[in-house]
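See below for target29.csv, which holds CSV, C-alpha atoms.
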chain,number,residue,atom,x,y,z
V,34,MET,CA,10.2,5.1,24.6
V,35,GLY,CA,6.9,3.3,24.7
V,36,ARG,CA,5.6,0.9,27.3
V,37,LYS,CA,7.5,-2.1,28.5
V,38,ARG,CA,6.9,-5.1,26.3
V,39,ASN,CA,4.5,-7.7,27.6
V,40,GLU,CA,5.6,-11.1,26.4
V,41,ASN,CA,2.2,-12.6,27.3
V,42,ARG,CA,0.2,-10.4,24.9
V,43,LYS,CA,-1.9,-12.6,22.7
V,44,TYR,CA,-2.7,-12.1,19.0
V,45,ASN,CA,-6.2,-12.7,17.8
V,46,GLY,CA,-8.0,-11.3,14.7
V,47,GLU,CA,-11.6,-11.5,13.5
V,48,ASN,CA,-13.1,-10.8,10.1
V,49,ILE,CA,-15.5,-7.9,9.5
V,50,ASN,CA,-16.1,-6.8,5.9
V,51,GLU,CA,-17.3,-3.4,4.8
V,52,THR,CA,-16.1,-1.4,1.9
V,53,GLY,CA,-15.9,2.2,0.8
V,54,GLY,CA,-15.3,3.9,-2.5
V,55,ALA,CA,-12.9,6.2,-4.2
V,56,THR,CA,-11.7,6.7,-7.7
V,57,GLY,CA,-13.4,5.1,-10.8
V,58,ARG,CA,-10.5,5.3,-13.3
V,59,LEU,CA,-7.3,3.4,-14.0
V,60,GLU,CA,-4.5,4.5,-16.3
V,61,GLY,CA,-1.4,2.8,-17.6
V,62,ARG,CA,-0.6,-0.6,-19.0
V,63,ASN,CA,0.5,-2.5,-15.9
V,64,PRO,CA,-2.3,-1.2,-13.6
V,65,ILE,CA,-5.0,-2.1,-16.1
V,66,LEU,CA,-3.5,-5.5,-17.0
V,67,GLU,CA,-3.2,-6.3,-13.2
V,68,ALA,CA,-6.8,-5.2,-12.7
V,69,LEU,CA,-8.0,-7.6,-15.5
V,70,LYS,CA,-6.0,-10.4,-13.9
V,71,ALA,CA,-7.5,-9.6,-10.4
V,72,GLU,CA,-11.1,-9.6,-11.8
V,73,HIS,CA,-11.6,-6.0,-10.9
V,74,THR,CA,-14.9,-4.7,-12.3
V,75,ILE,CA,-14.0,-2.8,-15.5
V,76,ASN,CA,-16.8,-1.1,-17.4
V,77,ARG,CA,-14.9,0.1,-20.5
V,78,ILE,CA,-11.4,0.4,-21.8
V,79,TYR,CA,-10.1,3.1,-24.0
V,80,ILE,CA,-7.0,2.5,-26.2
V,81,GLU,CA,-5.2,5.2,-28.2
V,82,LYS,CA,-5.6,4.8,-32.0
V,83,GLY,CA,-2.6,3.8,-33.9
V,84,LEU,CA,-0.4,2.5,-31.1
V,85,LYS,CA,1.2,-0.9,-31.6
V,86,ASP,CA,2.3,-2.6,-28.5
V,87,PRO,CA,2.2,-6.2,-27.2
V,88,VAL,CA,0.9,-5.2,-23.8
V,89,LEU,CA,-1.9,-3.2,-25.4
V,90,GLU,CA,-2.8,-6.1,-27.6
V,91,LYS,CA,-2.9,-8.4,-24.6
V,92,ILE,CA,-5.2,-5.9,-22.7
V,93,TYR,CA,-7.5,-5.8,-25.8
V,94,ALA,CA,-7.6,-9.6,-26.0
V,95,VAL,CA,-8.2,-10.2,-22.3
V,96,ALA,CA,-10.9,-7.4,-22.2
V,97,ARG,CA,-12.8,-8.9,-25.2
V,98,SER,CA,-12.6,-12.4,-23.7
V,99,LYS,CA,-14.3,-11.0,-20.6
V,100,GLY,CA,-16.9,-9.1,-22.6
V,101,ILE,CA,-15.5,-5.7,-21.7
V,102,VAL,CA,-16.2,-2.9,-24.2
V,103,VAL,CA,-13.0,-1.5,-25.8
V,104,SER,CA,-13.1,1.8,-27.6
V,105,TYR,CA,-10.5,3.6,-29.6
V,106,LEU,CA,-9.8,7.3,-29.2
V,107,ASP,CA,-7.3,9.6,-30.9
V,108,LYS,CA,-4.3,11.0,-28.9
V,109,ALA,CA,-6.1,14.3,-28.1
V,110,GLY,CA,-9.1,12.5,-26.8
V,111,MET,CA,-7.0,10.3,-24.6
V,112,ASN,CA,-5.0,13.2,-23.2
V,113,GLN,CA,-8.2,15.1,-22.4
V,114,MET,CA,-9.6,12.1,-20.5
V,115,SER,CA,-6.4,11.4,-18.7
V,116,GLU,CA,-6.0,12.5,-15.1
V,117,THR,CA,-2.3,11.4,-14.8
V,118,ARG,CA,-0.9,12.9,-18.0
V,119,ASN,CA,0.9,9.6,-18.5
V,120,HIS,CA,-1.8,7.1,-19.6
V,121,GLN,CA,0.5,5.0,-21.8
V,122,GLY,CA,-2.2,4.7,-24.4
V,123,VAL,CA,-4.8,3.0,-22.3
V,124,ILE,CA,-7.5,4.2,-19.8
V,125,ALA,CA,-10.1,2.1,-18.0
V,126,ASP,CA,-13.4,3.1,-16.4
V,127,VAL,CA,-13.6,0.9,-13.3
V,128,SER,CA,-15.8,0.4,-10.3
V,129,PRO,CA,-14.9,2.7,-7.3
V,130,TYR,CA,-11.9,1.5,-5.3
V,131,SER,CA,-13.1,-0.7,-2.4
V,132,TYR,CA,-11.1,0.0,0.7
V,133,ALA,CA,-10.6,-3.0,3.1
V,134,GLU,CA,-11.3,-3.0,6.8
V,135,VAL,CA,-8.4,-3.4,9.2
V,136,GLU,CA,-9.9,-6.7,10.2
V,137,ASP,CA,-9.6,-7.9,6.6
V,138,ILE,CA,-5.8,-7.3,6.7
V,139,LEU,CA,-5.5,-9.3,9.9
V,140,LYS,CA,-7.6,-12.1,8.4
V,141,LYS,CA,-5.4,-12.2,5.3
V,142,ALA,CA,-2.3,-12.8,7.5
V,143,GLU,CA,-4.2,-15.4,9.5
V,144,ASP,CA,-5.3,-17.2,6.4
V,145,MET,CA,-1.7,-17.3,5.1
V,146,ALA,CA,-0.5,-18.6,8.5
V,147,GLN,CA,1.8,-15.6,8.9
V,148,LEU,CA,2.4,-13.0,11.5
V,149,PRO,CA,0.7,-9.7,10.4
V,150,LEU,CA,3.0,-7.1,8.9
V,151,ILE,CA,1.1,-3.8,8.3
V,152,PHE,CA,2.2,-0.3,7.5
V,153,ILE,CA,0.4,2.7,8.9
V,154,LEU,CA,0.9,6.0,7.0
V,155,ASP,CA,0.7,9.2,9.1
V,156,GLY,CA,0.4,12.3,7.0
V,157,ILE,CA,1.5,11.0,3.6
V,158,THR,CA,-0.2,13.5,1.3
V,159,ASP,CA,1.8,13.1,-1.9
V,160,PRO,CA,0.0,10.7,-4.3
V,161,ASN,CA,3.3,9.7,-6.0
V,162,ASN,CA,4.7,8.8,-2.6
V,163,LEU,CA,1.6,6.7,-1.7
V,164,GLY,CA,1.8,4.9,-5.0
V,165,SER,CA,5.4,4.1,-4.5
V,166,ILE,CA,4.7,2.8,-1.0
V,167,ILE,CA,1.9,0.6,-2.2
V,168,ARG,CA,4.2,-0.9,-4.8
V,169,THR,CA,7.1,-1.4,-2.4
V,170,ALA,CA,4.9,-2.9,0.3
V,171,GLU,CA,3.3,-5.4,-2.0
V,172,CYS,CA,6.7,-6.5,-3.4
V,173,ALA,CA,7.9,-7.1,0.2
V,174,GLY,CA,4.9,-9.3,1.2
V,175,VAL,CA,3.3,-6.7,3.5
V,176,HIS,CA,-0.3,-7.8,4.3
V,177,GLY,CA,-1.9,-4.3,4.2
V,178,ILE,CA,-1.6,-0.6,4.5
V,179,ILE,CA,-3.7,1.7,6.7
V,180,ILE,CA,-4.2,5.4,5.8
V,181,PRO,CA,-6.2,8.1,7.6
V,182,LYS,CA,-9.2,9.8,6.0
V,183,ARG,CA,-7.7,13.2,6.7
V,184,ARG,CA,-4.2,14.5,6.0
V,185,SER,CA,-3.5,11.7,3.5
V,186,ALA,CA,-3.5,11.0,-0.2
V,187,ALA,CA,-6.3,8.6,-1.2
V,188,MET,CA,-6.6,6.1,-4.0
V,189,THR,CA,-6.6,8.2,-7.2
V,190,PRO,CA,-5.6,7.5,-10.8
V,191,VAL,CA,-2.2,8.9,-10.1
V,192,VAL,CA,-1.7,6.6,-7.1
V,193,ALA,CA,-2.9,3.6,-9.0
V,194,LYS,CA,-0.6,4.5,-11.9
V,195,VAL,CA,2.5,4.9,-9.7
V,196,ALA,CA,1.7,1.7,-7.9
V,197,ALA,CA,1.9,-0.1,-11.3
V,198,GLY,CA,-0.8,-2.7,-10.5
V,199,ALA,CA,0.2,-3.4,-6.9
V,200,ALA,CA,-3.0,-1.9,-5.5
V,201,GLU,CA,-4.8,-4.9,-7.0
V,202,HIS,CA,-2.9,-7.3,-4.7
V,203,ILE,CA,-2.6,-5.5,-1.4
V,204,LEU,CA,-5.3,-4.5,1.1
V,205,ILE,CA,-5.6,-0.8,1.9
V,206,ALA,CA,-7.8,0.3,4.8
V,207,ARG,CA,-8.9,3.9,5.4
V,208,VAL,CA,-9.7,4.9,9.0
V,209,ALA,CA,-11.1,7.9,10.7
V,210,ASN,CA,-8.7,7.9,13.7
V,211,LEU,CA,-5.2,6.6,13.5
V,212,THR,CA,-4.6,6.7,17.3
V,213,GLY,CA,-7.8,4.8,17.9
V,214,THR,CA,-6.9,2.2,15.3
V,215,ILE,CA,-3.4,1.7,16.8
V,216,ARG,CA,-5.0,1.1,20.2
V,217,ASP,CA,-7.4,-1.4,18.6
V,218,LEU,CA,-4.4,-3.2,17.0
V,219,LYS,CA,-2.7,-3.4,20.3
V,220,GLU,CA,-5.7,-5.0,21.9
V,221,LYS,CA,-5.6,-7.6,19.1
V,222,GLY,CA,-2.0,-8.4,20.0
V,223,LEU,CA,0.1,-6.3,17.5
V,224,TRP,CA,3.2,-4.4,18.4
V,225,ILE,CA,3.4,-0.8,17.1
V,226,ALA,CA,6.8,0.4,15.8
V,227,GLY,CA,7.3,4.0,14.6
V,228,ALA,CA,10.0,5.0,12.2
V,229,ASP,CA,11.7,8.0,13.8
V,230,MET,CA,15.1,9.6,13.4
V,231,GLU,CA,15.5,9.7,17.2
V,232,GLY,CA,14.5,6.1,17.7
V,233,GLU,CA,16.4,4.0,20.2
V,234,THR,CA,16.6,0.9,18.0
V,235,ARG,CA,18.3,0.7,14.6
V,236,TYR,CA,15.8,-0.8,12.2
V,237,TYR,CA,18.1,-3.6,11.2
V,238,ASP,CA,18.6,-4.7,14.8
V,239,TYR,CA,14.9,-5.2,15.5
V,240,ASP,CA,13.8,-8.9,15.3
V,241,TYR,CA,10.4,-8.5,13.6
V,242,GLN,CA,9.2,-11.8,15.1
V,243,SER,CA,5.9,-10.4,16.5
V,244,PRO,CA,2.6,-9.4,14.9
V,245,LEU,CA,3.7,-5.9,13.8
V,246,ALA,CA,2.4,-2.6,12.5
V,247,VAL,CA,5.0,0.0,11.4
V,248,VAL,CA,4.1,3.7,11.4
V,249,ILE,CA,5.7,5.9,8.7
V,250,GLY,CA,5.3,9.7,9.0
V,251,SER,CA,5.7,12.5,6.5
V,252,GLU,CA,9.1,13.7,5.4
V,253,GLY,CA,8.5,17.2,6.8
V,254,GLU,CA,6.8,16.5,10.1
V,255,GLY,CA,7.4,12.8,10.9
V,256,ILE,CA,5.0,10.9,13.1
V,257,SER,CA,2.4,13.0,14.9
V,258,ARG,CA,2.7,13.4,18.6
V,259,LEU,CA,-0.3,11.3,19.7
V,260,VAL,CA,0.6,8.5,17.3
V,261,ARG,CA,4.3,8.6,18.5
V,262,GLU,CA,3.2,8.3,22.1
V,263,ASN,CA,1.3,5.2,21.3
V,264,CYS,CA,4.2,3.4,19.7
V,265,ASP,CA,5.8,0.5,21.6
V,266,ILE,CA,9.2,1.1,20.0
V,267,LEU,CA,10.8,3.7,17.7
V,268,LEU,CA,13.0,2.4,14.9
V,269,ARG,CA,15.8,4.6,13.6
V,270,ILE,CA,17.2,4.5,10.1
V,271,PRO,CA,20.8,5.7,10.5
V,272,MET,CA,21.9,8.6,8.3
V,273,TYR,CA,25.5,9.1,7.1
V,274,GLY,CA,25.2,12.1,4.9
V,275,GLU,CA,24.1,15.7,5.4
V,276,ILE,CA,20.4,15.2,4.9
V,277,ASN,CA,18.6,13.9,8.0
V,278,SER,CA,15.4,12.3,6.5
V,279,LEU,CA,14.5,9.8,3.8
V,280,ASN,CA,11.6,9.8,1.3
V,281,ALA,CA,8.8,7.9,3.0
V,282,ALA,CA,8.7,5.2,0.3
V,283,VAL,CA,12.4,4.5,0.8
V,284,ALA,CA,11.9,4.2,4.6
V,285,VAL,CA,9.1,1.7,3.9
V,286,ALA,CA,11.4,-0.3,1.5
V,287,LEU,CA,14.2,-0.5,4.0
V,288,ILE,CA,12.0,-1.7,6.9
V,289,ALA,CA,9.7,-3.9,4.9
V,290,PHE,CA,12.4,-5.9,3.2
V,291,ARG,CA,14.4,-6.1,6.5
V,292,ALA,CA,11.3,-7.6,8.1
V,293,ALA,CA,10.9,-10.0,5.1
V,294,GLU,CA,14.5,-11.1,5.5
V,295,LYS,CA,14.2,-11.6,9.3
V,296,ARG,CA,11.0,-13.6,8.8
V,297,GLY,CA,12.5,-15.8,6.1
V,298,GLY,CA,12.1,-14.0,2.7
V,299,ALA,CA,8.8,-12.2,2.7
V,300,GLN,CA,7.4,-15.4,4.5
V,301,THR,CA,6.8,-17.0,1.1
V,302,GLY,CA,9.9,-16.5,-1.0
V,303,LYS,CA,7.9,-16.7,-4.2
V,304,LYS,CA,10.2,-14.8,-6.5
V,305,SER,CA,13.2,-12.5,-6.7
V,306,LEU,CA,14.7,-10.0,-9.1

Can the structure in the file be given as structure tokens, please?
Amino acid sequence: MGRKRNENRKYNGENINETGGATGRLEGRNPILEALKAEHTINRIYIEKGLKDPVLEKIYAVARSKGIVVSYLDKAGMNQMSETRNHQGVIADVSPYSYAEVEDILKKAEDMAQLPLIFILDGITDPNNLGSIIRTAECAGVHGIIIPKRRSAAMTPVVAKVAAGAAEHILIARVANLTGTIRDLKEKGLWIAGADMEGETRYYDYDYQSPLAVVIGSEGEGISRLVRENCDILLRIPMYGEINSLNAAVAVALIAFRAAEKRGGAQTGKKSL
């Protein structure tokens, strides 16, 4: 499947910076604390009255040190404001989420003197799934995630909450055409691997020693036809039970951490459980 590998393909990335916007709200203790650490523009923080918690106290202290207005609301007011129904007693009004450009992701890998490792999500529409993927990818040292503008979940309070602060530390690009983006990545020297249950290569047998973008499809439909046809190789995650597909976030975890292992521990080896 895919075209014959050209060992002479050269990798070269250039930096173009343009941003777009999405949600303007964060909910939950870890996402808001990470946003404060990452210098995300926060306009106001709301904390539920009467809650005593060390993390909430830290959020309050850091917010006040940065001159951010902190307001207290009763539980009913917090619940009415919440979009996730699980705000953990703290909600923040923030600047709209700024998507990266694909070139920014390549530049990040270049600046870190690492081979790019990118995940391309094809048809992941569940916000909880997207949030889990973001969290997993960041933990595995992935440089960025690419999502399409259509047929995909976008950055919302639910996604940010599930990602547990990871969205503040990983670049996410949103593109109009996945197939066109894949072709552009090939021109820049990246190899495109698709996760597919009929793939000819088991994911743990691949060497991961090239600039790489991995396509993950939806659980129901998998990778779309045009995207599949533009993959250089298809990676298979062997199944040993009766169910023939994995949750997309689990597939990302298996492949991302296998790549990190093959490349020498997320290429940085900063920390472990």

Give me, as JSON lines, each residue of segment 155-213 of chain V that comes within 10 Å of segment 240-258 of chain V, together with its shortest interatomic pair and the distance in Å at one decimal, counting only C-alpha atoms, with rows ordered by chain and rising residue number.
{"residue": "V:Asp155", "atom": "CA", "partner": "V:Gly250", "partner_atom": "CA", "distance": 4.6}
{"residue": "V:Gly156", "atom": "CA", "partner": "V:Ser251", "partner_atom": "CA", "distance": 5.3}
{"residue": "V:Ile157", "atom": "CA", "partner": "V:Ser251", "partner_atom": "CA", "distance": 5.3}
{"residue": "V:Thr158", "atom": "CA", "partner": "V:Ser251", "partner_atom": "CA", "distance": 7.9}
{"residue": "V:Asp159", "atom": "CA", "partner": "V:Ser251", "partner_atom": "CA", "distance": 9.3}
{"residue": "V:Asn162", "atom": "CA", "partner": "V:Ser251", "partner_atom": "CA", "distance": 9.9}
{"residue": "V:Val175", "atom": "CA", "partner": "V:Ala246", "partner_atom": "CA", "distance": 9.9}
{"residue": "V:Gly177", "atom": "CA", "partner": "V:Ala246", "partner_atom": "CA", "distance": 9.5}
{"residue": "V:Ile178", "atom": "CA", "partner": "V:Ala246", "partner_atom": "CA", "distance": 9.2}
{"residue": "V:Ile179", "atom": "CA", "partner": "V:Val248", "partner_atom": "CA", "distance": 9.3}
{"residue": "V:Ser185", "atom": "CA", "partner": "V:Ser251", "partner_atom": "CA", "distance": 9.7}
{"residue": "V:Leu211", "atom": "CA", "partner": "V:Val248", "partner_atom": "CA", "distance": 10.0}
{"residue": "V:Thr212", "atom": "CA", "partner": "V:Ser257", "partner_atom": "CA", "distance": 9.7}

Interatomic distance, atom CA of Arg168 of chain V to atom CA of Phe290 of chain V (Å, one decimal):
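Atom-to-atom, atom CA of Arg168 of chain V and atom CA of Phe290 of chain V are spaced 12.5 Å apart.
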
Using only C-alpha atoms, can you tell me which of V:Ala146, V:Ile75, V:Leu163, V:Ala200 comes closest to Asn280 of chain V?
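For Asn280 of chain V, the nearest of the candidates is V:Leu163.
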
- [ ] Using all atoms listed in the file, find the one residue out of V:Gly232, V:Gly213, V:Pro271, V:Pro160 that sits nearest to Ala193 of chain V.
- [x]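 Using all atoms listed in the file, Ala193 of chain V sits closest to V:Pro160.
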
Exercise. Quote the spacing between atom CA of Gly57 of chain V and atom CA of Tyr93 of chain V in Å to one decimal place.
Key: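 Going from atom CA of Gly57 of chain V over to atom CA of Tyr93 of chain V, I get 19.5 Å.
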
With only C-alpha atoms as the atoms that count, which of V:Ile151, V:Ala199, V:Ile80, V:Ile138 lies nearest to Asn112 of chain V?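 Between V:Ile151, V:Ala199, V:Ile80, V:Ile138, the residue approaching Asn112 of chain V most closely is V:Ile80.
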
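Distance check against Asn119 of chain V using only C-alpha atoms: of V:Glu233, V:Glu275, V:Glu60, V:Glu220, the minimum falls on V:Glu60.
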
message = Could you tell me how far atom CA of Leu89 of chain V sits from atom CA of Tyr130 of chain V, in Å to one decimal place?
response =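 Interatomic distance, atom CA of Tyr130 of chain V to atom CA of Leu89 of chain V: 22.9 Å.
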
Checklist line | Nearest to Ala142 of chain V by atom-to-atom distance, counting only C-alpha atoms, from V:Leu268, V:Ala96, V:Leu204, V:Val127 | finding: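 Nearest to Ala142 of chain V: V:Leu204.
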
Starting from the sparse input, extend segment 235-263 of chain V to N, CA and C atoms and give the output as a compact mmCIF listing (two decimals), in the coordinates of the input.
# COMPACT_ATOMS: atom_id res chain seq x y z
N ARG V 235 18.01 0.67 16.06
CA ARG V 235 18.30 0.70 14.60
C ARG V 235 17.35 -0.30 13.93
N TYR V 236 16.77 0.08 12.80
CA TYR V 236 15.80 -0.80 12.20
C TYR V 236 16.27 -2.16 11.83
N TYR V 237 17.57 -2.29 11.55
CA TYR V 237 18.10 -3.60 11.20
C TYR V 237 18.43 -4.47 12.40
N ASP V 238 18.36 -3.89 13.60
CA ASP V 238 18.60 -4.70 14.80
C ASP V 238 17.31 -5.24 15.41
N TYR V 239 16.17 -4.75 14.98
CA TYR V 239 14.90 -5.20 15.50
C TYR V 239 14.65 -6.66 14.96
N ASP V 240 13.94 -7.52 15.74
CA ASP V 240 13.80 -8.90 15.30
C ASP V 240 12.62 -9.20 14.41
N TYR V 241 11.59 -8.35 14.43
CA TYR V 241 10.40 -8.50 13.60
C TYR V 241 9.68 -9.82 13.72
N GLN V 242 9.83 -10.46 14.86
CA GLN V 242 9.20 -11.80 15.10
C GLN V 242 7.91 -11.72 15.83
N SER V 243 7.24 -10.59 15.80
CA SER V 243 5.90 -10.40 16.50
C SER V 243 4.95 -9.88 15.45
N PRO V 244 3.64 -10.04 15.69
CA PRO V 244 2.60 -9.40 14.90
C PRO V 244 2.94 -7.85 14.93
N LEU V 245 3.09 -7.20 13.78
CA LEU V 245 3.70 -5.90 13.80
C LEU V 245 2.98 -4.90 12.84
N ALA V 246 2.80 -3.67 13.32
CA ALA V 246 2.40 -2.60 12.50
C ALA V 246 3.44 -1.47 12.60
N VAL V 247 3.91 -0.96 11.46
CA VAL V 247 5.00 0.00 11.40
C VAL V 247 4.39 1.37 10.96
N VAL V 248 4.60 2.41 11.74
CA VAL V 248 4.10 3.70 11.40
C VAL V 248 5.17 4.52 10.66
N ILE V 249 4.79 5.07 9.50
CA ILE V 249 5.70 5.90 8.70
C ILE V 249 5.07 7.32 8.65
N GLY V 250 5.82 8.33 9.06
CA GLY V 250 5.30 9.70 9.00
C GLY V 250 5.75 10.42 7.76
N SER V 251 5.30 11.65 7.63
CA SER V 251 5.70 12.50 6.50
C SER V 251 7.11 12.90 6.58
N GLU V 252 7.71 13.24 5.44
CA GLU V 252 9.10 13.70 5.40
C GLU V 252 9.32 14.95 6.21
N GLY V 253 8.36 15.86 6.12
CA GLY V 253 8.50 17.20 6.80
C GLY V 253 8.30 17.14 8.26
N GLU V 254 7.26 16.42 8.70
CA GLU V 254 6.80 16.50 10.10
C GLU V 254 7.08 15.19 10.87
N GLY V 255 7.28 14.09 10.19
CA GLY V 255 7.40 12.80 10.90
C GLY V 255 6.12 12.33 11.46
N ILE V 256 6.21 11.48 12.46
CA ILE V 256 5.00 10.90 13.10
C ILE V 256 4.40 11.95 14.02
N SER V 257 3.08 12.08 13.99
CA SER V 257 2.40 13.00 14.90
C SER V 257 2.54 12.63 16.32
N ARG V 258 2.40 13.61 17.21
CA ARG V 258 2.70 13.40 18.60
C ARG V 258 1.88 12.27 19.25
N LEU V 259 0.57 12.28 19.08
CA LEU V 259 -0.30 11.30 19.70
C LEU V 259 0.05 9.87 19.18
N VAL V 260 0.29 9.78 17.88
CA VAL V 260 0.60 8.50 17.30
C VAL V 260 1.99 8.02 17.87
N ARG V 261 2.94 8.93 17.94
CA ARG V 261 4.30 8.60 18.50
C ARG V 261 4.18 8.08 19.90
N GLU V 262 3.35 8.72 20.70
CA GLU V 262 3.20 8.30 22.10
C GLU V 262 2.59 6.94 22.25
N ASN V 263 1.90 6.47 21.24
CA ASN V 263 1.30 5.20 21.30
C ASN V 263 2.11 4.05 20.65
